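> Handing you a structure now.
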Amino acid sequence: MRRGFENIKLRDDEKIPVFKNVLYAVRLVWKADKRLLLSYLYSNIIDNVFQYYIQSILFLKILLSIIDSGADFKVYFRKLLAFFGVTVFIKISVWAAAYVRQVSTKNVLKVLNNMVFRKASQLDVGQYEDPEFYDKYQRATNVMSSGYFDIVCWDVAAIIGGIISFLLVIGTVISVNPVYLLFLAPSIIVFVIETAKSKAVFKRDKEMTTNNRTKAYVQRTVFLKDFSKDMRTSNIFSVMMKRFDGAIKGNIEILRSYGLKLFLYSMASTLCSEFIPVIGTYMYAGWQFVSKKALTASGFSVVISAVGAVNGMSWYIQEGFDDLIQMSLYFQNLREFFEYETGIKDGERTAEKFQSLEFKNVSFRYPSAKKNSVNNVSFKIEKGETVALVGINGAGKSTLVKLILRFYDVTDGEILLNGINIKEYTVESLRNSFATVFQDYKNFAVSVFENVMCRECSDEDKIKAQKALEAAGVWDKVKSLPNGGDTVLTREFEEDGAGLSGGENQKVSTARLFARQYEMAILDEPSSALDPIAEYKMYENLIKATKDKTVMYISHRLSSAVLSDRVFVLQNGSIIESGTHKELLERGGKYSEMFKLQASAYKREGENENV
Amino acid sequence: MFKFIKKKRETEHSVFSNIAYFVGLMFKFSPGLVIGELFSSIIRNLPSKLISVIGIKYIIDTVSEGKDMNRVYKAVLIIAGVLILSNVLSLLYREFYWNMAKERLYYKLNSTLYEKAHSLDLQNYDDPDFYNNFILTIESSSENIQGLLGMVQNYIGNIVSLIAVSSVIFVIDPVCLLIIFASIIIFMPLSTKIGKLQMGRRIDNTKFHRRSDYFQRIFYLQDYAKEVRMNNIRPLLMSRYNEAADDVIANQDKYWKKIASCYAVQQVGVQALGFMFVLPMYLGYCVCVKKTLSAGDFVATFNGAYSIAMSLNFLTVWASAVFSERAKMIEKYRGFLKSDFKIKDGKATAKITEPKTIKIENMSFTYPGNGEPTLKNINLEIKPYEKIALVGYNGAGKTTLTNLLLRLYDVTDGSILIDGQNIKDVTVSSHRDRFSAVFQDFQTFACSVGENVALDENVDSERVLKALRHSGFSKEFKNGTDTELLREFDDEGIMLSGGESQKIAIARAFYKNCPYIILDEPSANLDPIAEYNLNKAMIEAANRKTVIFISHRLSTTVVADKIYVMENGEIIEAGSHGELMAQNGTYAKMFTLQSEKYKK
């Protein structure tokens with residue numbers, strides 16, 4: 001079974017210690033819920049031993065030797081009864097174990113997910129933005145979302161079961177006649193051949209990776225709604241189909257080039273696993289009978305069954321190892337995730353009432369970036385001030401916010417809250433001092449009230465939430481939902497849930513700000529999804545709600561700057577101008593250029609009115 | 001809910017019909033592959049099954065009866081020959097034909113699907129049921145091929161070996177065959193019950209999993225990371241996840257108690273009682289007491305019993321479960337391929353000409369499934385070379401209007417005329433060729449810069465560069481217009497910022513040789529300076545074309561020849577900027593609000 005390798009890019013020098021990872025996986029599952037591993041071990045070992053040894057070899061051997069020896073039917077019957085008893089016990093206990101397994105696997109999923117959630121919420125936001133880490137993290141989550149933990153348990157148990165019955169079978173064959181081992185020996189070589197073959201297949205699949213990614217991409221452009229309009233109003237579809245055709249042709253070439261190699265491997269493997277053992281056993285048995293008259297029916301059929309059993313088991317074990325090699329990478333990623341040390345360390349102080357926020361010569365460079373995103377920035381915001389950060393896209397506005405909230409730590413310089421470096425505060429208390437509305441705000445599939453309060457809501461909470469929703473200008477809409485403020489914001493799994501429009505969603509997430517205690521508000525483009533009138537109202541409400549509070553607006557629309565006590569203009573990570581709106585206009589620098597451009601259209605009208 | 005599902009089922013095709021349909025489809029595209037699967041299934045299964053039953057019997061009997069040993073050697077040689085031949089044939093087939101034929105079949109099937117998807121009406125994307133089926137259909141395509149080919153092979157293989165093994169045992173002793181079939185058939189109803197229980201479990205589990213998967217996603221995905229950190233909402237989300245996870249566990253417990261018991265009873269019945277007790281007792285009695293059967297018969301029958309049980313189990317329980325799962329997928333597949341589209345081609349072919357008058361007459365439009373019309377009785381006339389601005393609140397119907405112009409949807413009432421000709425009277429593609437549209441949610445594609453601007457296989461590099469200059473795109477590329485965008489399959493691919501992507505999208509409008517341009521919020525991702533430049537470029541472009549644009553920012557609308565203000569699907573004001581300001585209506589109010597802060 002090959003899984004998911006198509007989308008994984010591995011560096012060639014990356015070595016994955018399979019054994020260590022599997023051991024880690026087993027320990028992890030064992031800690032989560034012992035029942036899962038125990039039930040797998042029990043049912044796979046017993047099942048294996050039963051199927052390949054008791055039923056197909058031991059049973060035949062004992063009964064046939066009774067027949068061969070011409071003993072009494074009563075002896076035969078007593079043995080048969082004993083086998084019957086054992087089989088009934090095994091069948092019932094194996095299915096009891098299956099029941100335990102099916103329940104405990106879901107419990108393991110829950111426990112592991114809880115561990116991941118806890119760890120994930122401690123991660124630095126910066127980690128999410130690092131593609132290499134994020135890739136690994138996404139792969140690690142496959143352990144849960146694709147149930148790989150289950151597969152590992154199955155494989156480990158299957159391999160152990162396979163080896164045990166393998167030894168039992170060999171023992172029985174030796175007891176019949178050790179010479180037969182000669183014919184079984186090639187089955188061992190099969191392991192080597194099959195391993196070489198999987199390597200070739202793996203290499204082949206790797207060569208097809210790029211083509212398969214192209215196939216997947218073309219498919220996405222065809223069925224994703226995002227692309228649908230562009231696809232329909234242009235000829236880009238033909239470009240995509242050409243790429244699809246090219247990818248298929250490339251794959252066929254690769255498949256063809258591996259054809260002979262794989263054929264030879266497979267042929268060698270069948271020769272060793274089926275042909276030599278079967279033919280050899282038949283030949284030897286015949287020879288033995290003629291020359292020594294020493295063969296019994298029971299001995300012969302035991303050896304023939306053993307050939308079948310050894311084949312079955314080596315396939316089983318092989319499959320198990322193949323799977324483990326593939327699973328190993330995912331567990332390695334999971335371990336790295338759990339063992340990852342967050343770069344953002346907690347301080348010890350608790351952030352108290354807001355007095356001032358100061359940037360002192362702050363510089364910042366994103367990990368693996370070549371240039372600083374923030375360059376030697378210094379400014380101070382006093383209690384009760386309203387400031388605006390303006391600048392074109394990519395000037396570093398949102399980065400400054402990330403630094404204040406310690407999503408990243410500064411590369412140089414320091415940020416002081418109330419005169420103390422923010423690294424000295426606990427991250428939680430620091431972040432609690434700020435209320436934020438992000439450009440890429442998100443709502444959750446919990447009730448509207450819970451979305452506002454961010455916790456299970458008491459009746460008192462609901463009243464608070466309602467007030468906040470009123471202030472955000474979305475209560476009328478919320479009231480009209482099937483369950484009012486208790487309506488869950490999704491239709492995905494809640495039949496009487498509801499979806500809101502972009503603007504309404506933004507308002508709900510803004511209501512969060514109105515509902516909470518905070519020292520300073522940071523508003524990152526809070527009006528991007530709103531139409532002019534809604535935007536105007538939103539600002540009006542925000543000004544009301546944040547009266548007496550310290551506020552930082554971030555926008556590339558300069559209209560918000562007019563409302564502020566002070567304006568900072570950012571360009572290429574540096575503050576190039578600062579002052580009041582008026583001062584900056586008078587200075588005639590970048591700000592006034594931007595403002596005039598934006599205002600030019602409006603101003604023309606303004607002049608007309610004056611006429 | 002459940003009743004509803006049942007009712008729907010009645011109109012569906014039978015499992016058999018669906019399977020036959022898809023096998024037929026595969027046969028149409030790749031007859032060699034289907035026939036190859038049939039033969040290779042026989043070649044791979046029959047010899048080894050027969051050898052394990054007849055071969056052993058023949059040899060044990062010959063040996064124990066002390067007959068001529070040459071016969072044994074001859075038999076062994078025949079077995080060896082058959083084994084080698086069958087292996088060589090089936091491996092040759094697999095490595096030199098099957099692999100590649102499958103890839104080719106995938107291509108043919110998926111191209112058909114993609115063509116179909118491409119010709120779908122946009123409104124189908126809005127219908128969640130249809131859309132889900134549509135995605136499932138496309139995503140399951142390769143799985144369907146692989147799964148069905150495998151199933152065909154296994155199915156035929158098992159039928160063949162069932163018949164072969166049964167006849168051998170029948171010849172040995174019909175009573176044995178009777179015991180084998182009786183023990184399987186007596187416990188068959190349990191299999192049906194297990195199937196039903198599994199189905200019920202899956203349905204319930206999907207429901208509970210949908211909830212737990214959602215909360216899982218929140219923690220897994222980057223999108224929510226900032227929000228979760230700033231709001232202390234983690235405890236709430238985790239307790240919601242745990243509730244859902246507990247539901248899954250309880251559901252699993254409920255069903256598996258029953259499923260495991262059924263399995264246990266069935267296996268004790270068939271395997272323990274039937275095969276390991278009743279059958280060997282009868283055999284032992286025949287061999288030891290009655291002496292009617294030989295030791296070879298004993299082994300052959302015993303091995304044969306398992307082979308029959310496995311084949312029967314496969315053919316009844318397993319195959320029917322897999323086939324019916326598969327058939328459900330194929331049902332969706334068929335539904336998708338059969339789905340009809342409503343936007344039909346007209347007879348005439350529209351020509352690329354100089355801009356002509358666009359006239360919208362008494363037009364209304366209601367989204368399918370909506371009660372309320374989105375556009376009501378729209379009348380407007382756009383003269384050649386005019387710059388038209390559509391403004392209004394969110395949801396006023398501006399984007400819908402442009403969708404109708406492009407025939408992404410068709411009007412419910414009224415008509416749209418270009419140069420006096422109803423746009424329904426020309427072919428859809430020739431109609432759309434007359435327009436260049438930059439949508440609010442435009443996409444960049446993982447192909448070259450040139451292809452991204454031209455949106456076509458044939459790229460005129462000179463013109464691409466010119467269009468990029470017009471849209472204010474200043475980035476230099478290593479390989480010029482051949483440089484790949486995005487890292488989808490080129491690790492060296494260029495990643496663009498939001499503003500840069502938007503400029504690429506706008507360049508498309510400048511590149512395309514067409515009389516009409518539609519721009520939906522073209523400046524949303526641009527900073528003030530880029531926005532200003534864009535406005536200038538647009539005005540220049542409009543010297544040669546008609547431009548229709550939508551904007552929230554009224555600063556851009558000032559330059560329009562005519563502004564249409566929309567509210568609740570109606571045009572409430574129309575006129576030039578000056579006229580509308582003089583009217584002192586909604587436009588004037590909106591404009592004043594926005595410009596207030598820019599006045600000194």
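Every chain in the structure tokens has a letter given in the order shown (A, B, ...), and although residue numbers restart at 1 in each chain, ligands are simply numbered from 1 in the order shown.
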For the alpha helix (DSSP H) assignment from backbone DSSP, which residues of range 283-389 of chain B qualify? Please present them as a ChimeraX atom specification.
/B:283-284,295-313,319-338
> Export, as an mmCIF file, in the first residue's frame, the selected residues with C-alpha atoms.

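See again_21.cif below for the written result:
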data_model
loop_
_atom_site.group_PDB
_atom_site.id
_atom_site.type_symbol
_atom_site.label_atom_id
_atom_site.label_comp_id
_atom_site.auth_asym_id
_atom_site.auth_seq_id
_atom_site.Cartn_x
_atom_site.Cartn_y
_atom_site.Cartn_z
ATOM 1 C CA LEU B 283 -13.983 -36.807 6.327
ATOM 2 C CA GLY B 284 -12.343 -38.709 9.172
ATOM 3 C CA ALA B 295 -5.876 -39.245 2.638
ATOM 4 C CA GLY B 296 -5.421 -37.199 -0.556
ATOM 5 C CA ASP B 297 -9.175 -36.596 -0.665
ATOM 6 C CA PHE B 298 -9.014 -35.479 2.931
ATOM 7 C CA VAL B 299 -6.390 -32.820 2.275
ATOM 8 C CA ALA B 300 -7.951 -31.683 -0.985
ATOM 9 C CA THR B 301 -11.406 -31.260 0.538
ATOM 10 C CA PHE B 302 -10.087 -29.545 3.623
ATOM 11 C CA ASN B 303 -8.055 -27.022 1.604
ATOM 12 C CA GLY B 304 -10.919 -26.682 -0.869
ATOM 13 C CA ALA B 305 -13.368 -25.758 1.886
ATOM 14 C CA TYR B 306 -11.379 -22.649 2.757
ATOM 15 C CA SER B 307 -10.957 -21.728 -0.835
ATOM 16 C CA ILE B 308 -14.712 -21.971 -1.381
ATOM 17 C CA ALA B 309 -15.459 -20.034 1.797
ATOM 18 C CA MET B 310 -13.092 -17.265 0.763
ATOM 19 C CA SER B 311 -14.489 -17.062 -2.739
ATOM 20 C CA LEU B 312 -18.094 -17.076 -1.543
ATOM 21 C CA ASN B 313 -17.381 -14.525 1.141
ATOM 22 C CA ALA B 319 -17.956 -7.659 -3.357
ATOM 23 C CA SER B 320 -21.493 -6.489 -2.807
ATOM 24 C CA ALA B 321 -20.353 -4.020 -0.164
ATOM 25 C CA VAL B 322 -17.551 -2.707 -2.347
ATOM 26 C CA PHE B 323 -19.659 -2.671 -5.472
ATOM 27 C CA SER B 324 -22.466 -0.790 -3.809
ATOM 28 C CA GLU B 325 -20.027 1.762 -2.386
ATOM 29 C CA ARG B 326 -18.497 2.112 -5.814
ATOM 30 C CA ALA B 327 -21.888 2.256 -7.474
ATOM 31 C CA LYS B 328 -22.768 5.275 -5.347
ATOM 32 C CA MET B 329 -19.711 7.064 -6.650
ATOM 33 C CA ILE B 330 -20.533 6.099 -10.186
ATOM 34 C CA GLU B 331 -24.090 7.297 -9.723
ATOM 35 C CA LYS B 332 -22.659 10.734 -8.992
ATOM 36 C CA TYR B 333 -20.358 10.385 -11.951
ATOM 37 C CA ARG B 334 -23.250 9.625 -14.266
ATOM 38 C CA GLY B 335 -25.322 12.404 -12.808
ATOM 39 C CA PHE B 336 -22.498 14.805 -13.408
ATOM 40 C CA LEU B 337 -21.816 13.739 -16.977
ATOM 41 C CA LYS B 338 -25.513 13.848 -17.786
#
> Output as a ChimeraX atom specification the set of chain B residues within 6 Å of chain A, with distances taken over only C-alpha atoms.
/B:95-96,100,211,219,222,233,236,249,252-253,256,260,264,268,272,393-394,432,455-457,527-528,555,595,597-598
> So which residues touch Val152 in chain B within 12 Å, counting only C-alpha atoms, skipping near sequence neighbours fewer than 6 positions away, as a list in words?
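These residues fall inside the cut-off: Ile19, Ala20, Phe22, Val23, Met26, Leu33, Val34, Ile35, Gly36, Glu37, Leu38, Phe39, Ser40, Ser41, Ile42, Asn144, Ile145, Gln146, Asn158, Ile159, Leu315, Ala319, Val322 and Phe323 of chain B.
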> Just the selected residues (N, CA and C atoms), exported as a PDB file, in the first residue's frame, please.

ATOM      1  N   ILE B  19     -22.369  -0.196 -12.199  1.00  0.00           N
ATOM      2  CA  ILE B  19     -21.083  -0.863 -12.417  1.00  0.00           C
ATOM      3  C   ILE B  19     -20.907  -1.136 -13.913  1.00  0.00           C
ATOM      4  N   ALA B  20     -21.990  -1.630 -14.531  1.00  0.00           N
ATOM      5  CA  ALA B  20     -21.920  -1.936 -15.954  1.00  0.00           C
ATOM      6  C   ALA B  20     -21.626  -0.661 -16.748  1.00  0.00           C
ATOM      7  N   PHE B  22     -19.930   1.986 -15.823  1.00  0.00           N
ATOM      8  CA  PHE B  22     -18.544   2.439 -15.731  1.00  0.00           C
ATOM      9  C   PHE B  22     -17.587   1.474 -16.435  1.00  0.00           C
ATOM     10  N   VAL B  23     -17.875   0.163 -16.281  1.00  0.00           N
ATOM     11  CA  VAL B  23     -17.038  -0.801 -16.983  1.00  0.00           C
ATOM     12  C   VAL B  23     -17.161  -0.551 -18.493  1.00  0.00           C
ATOM     13  N   MET B  26     -15.070   2.379 -19.413  1.00  0.00           N
ATOM     14  CA  MET B  26     -13.651   2.023 -19.470  1.00  0.00           C
ATOM     15  C   MET B  26     -13.371   1.234 -20.742  1.00  0.00           C
ATOM     16  N   LEU B  33      -7.494  -2.840 -21.897  1.00  0.00           N
ATOM     17  CA  LEU B  33      -7.286  -2.921 -20.459  1.00  0.00           C
ATOM     18  C   LEU B  33      -8.350  -3.812 -19.810  1.00  0.00           C
ATOM     19  N   VAL B  34      -9.595  -3.628 -20.218  1.00  0.00           N
ATOM     20  CA  VAL B  34     -10.684  -4.409 -19.607  1.00  0.00           C
ATOM     21  C   VAL B  34     -10.524  -5.893 -19.955  1.00  0.00           C
ATOM     22  N   ILE B  35     -10.263  -6.167 -21.220  1.00  0.00           N
ATOM     23  CA  ILE B  35     -10.085  -7.561 -21.632  1.00  0.00           C
ATOM     24  C   ILE B  35      -8.856  -8.163 -20.940  1.00  0.00           C
ATOM     25  N   GLY B  36      -7.804  -7.376 -20.883  1.00  0.00           N
ATOM     26  CA  GLY B  36      -6.575  -7.825 -20.222  1.00  0.00           C
ATOM     27  C   GLY B  36      -6.831  -8.214 -18.771  1.00  0.00           C
ATOM     28  N   GLU B  37      -7.635  -7.408 -18.077  1.00  0.00           N
ATOM     29  CA  GLU B  37      -7.938  -7.709 -16.686  1.00  0.00           C
ATOM     30  C   GLU B  37      -8.652  -9.051 -16.559  1.00  0.00           C
ATOM     31  N   LEU B  38      -9.599  -9.313 -17.483  1.00  0.00           N
ATOM     32  CA  LEU B  38     -10.345 -10.570 -17.438  1.00  0.00           C
ATOM     33  C   LEU B  38      -9.397 -11.759 -17.575  1.00  0.00           C
ATOM     34  N   PHE B  39      -8.553 -11.695 -18.588  1.00  0.00           N
ATOM     35  CA  PHE B  39      -7.659 -12.826 -18.828  1.00  0.00           C
ATOM     36  C   PHE B  39      -6.654 -12.993 -17.705  1.00  0.00           C
ATOM     37  N   SER B  40      -6.101 -11.871 -17.260  1.00  0.00           N
ATOM     38  CA  SER B  40      -5.057 -12.025 -16.259  1.00  0.00           C
ATOM     39  C   SER B  40      -5.654 -12.554 -14.958  1.00  0.00           C
ATOM     40  N   SER B  41      -6.929 -12.258 -14.696  1.00  0.00           N
ATOM     41  CA  SER B  41      -7.537 -12.789 -13.473  1.00  0.00           C
ATOM     42  C   SER B  41      -7.622 -14.311 -13.547  1.00  0.00           C
ATOM     43  N   ILE B  42      -7.958 -14.827 -14.724  1.00  0.00           N
ATOM     44  CA  ILE B  42      -8.059 -16.285 -14.861  1.00  0.00           C
ATOM     45  C   ILE B  42      -6.667 -16.917 -14.783  1.00  0.00           C
ATOM     46  N   ASN B 144     -11.909   5.187  -8.944  1.00  0.00           N
ATOM     47  CA  ASN B 144     -12.896   4.357  -9.633  1.00  0.00           C
ATOM     48  C   ASN B 144     -12.229   3.417 -10.617  1.00  0.00           C
ATOM     49  N   ILE B 145     -11.278   3.945 -11.364  1.00  0.00           N
ATOM     50  CA  ILE B 145     -10.594   3.118 -12.354  1.00  0.00           C
ATOM     51  C   ILE B 145      -9.874   1.983 -11.653  1.00  0.00           C
ATOM     52  N   GLN B 146      -9.030   2.371 -10.707  1.00  0.00           N
ATOM     53  CA  GLN B 146      -8.228   1.396  -9.982  1.00  0.00           C
ATOM     54  C   GLN B 146      -9.123   0.381  -9.287  1.00  0.00           C
ATOM     55  N   ASN B 158     -12.492 -15.101  -8.676  1.00  0.00           N
ATOM     56  CA  ASN B 158     -13.152 -15.876  -7.636  1.00  0.00           C
ATOM     57  C   ASN B 158     -14.246 -16.773  -8.201  1.00  0.00           C
ATOM     58  N   ILE B 159     -14.970 -16.286  -9.188  1.00  0.00           N
ATOM     59  CA  ILE B 159     -16.003 -17.126  -9.799  1.00  0.00           C
ATOM     60  C   ILE B 159     -15.345 -18.366 -10.401  1.00  0.00           C
ATOM     61  N   LEU B 315     -17.440 -13.010  -3.036  1.00  0.00           N
ATOM     62  CA  LEU B 315     -18.468 -12.745  -4.041  1.00  0.00           C
ATOM     63  C   LEU B 315     -19.743 -12.177  -3.439  1.00  0.00           C
ATOM     64  N   ALA B 319     -17.743  -8.281  -2.056  1.00  0.00           N
ATOM     65  CA  ALA B 319     -17.956  -7.659  -3.357  1.00  0.00           C
ATOM     66  C   ALA B 319     -19.208  -6.801  -3.356  1.00  0.00           C
ATOM     67  N   VAL B 322     -18.438  -3.578  -1.579  1.00  0.00           N
ATOM     68  CA  VAL B 322     -17.551  -2.707  -2.347  1.00  0.00           C
ATOM     69  C   VAL B 322     -18.264  -2.195  -3.605  1.00  0.00           C
ATOM     70  N   PHE B 323     -18.953  -3.096  -4.263  1.00  0.00           N
ATOM     71  CA  PHE B 323     -19.659  -2.671  -5.472  1.00  0.00           C
ATOM     72  C   PHE B 323     -20.704  -1.609  -5.161  1.00  0.00           C
TER      73      PHE B 323
END
> So which bits of range 498-555 of chain B end up strand (DSSP E) when you DSSP the backbone, as a PyMOL selection string?
chain B and resi 516-520+546-550
> May I ask for the distance between CA of Asp345 in chain B and CA of Asp413 in chain B, given in Å to one decimal place?
17.9 Å
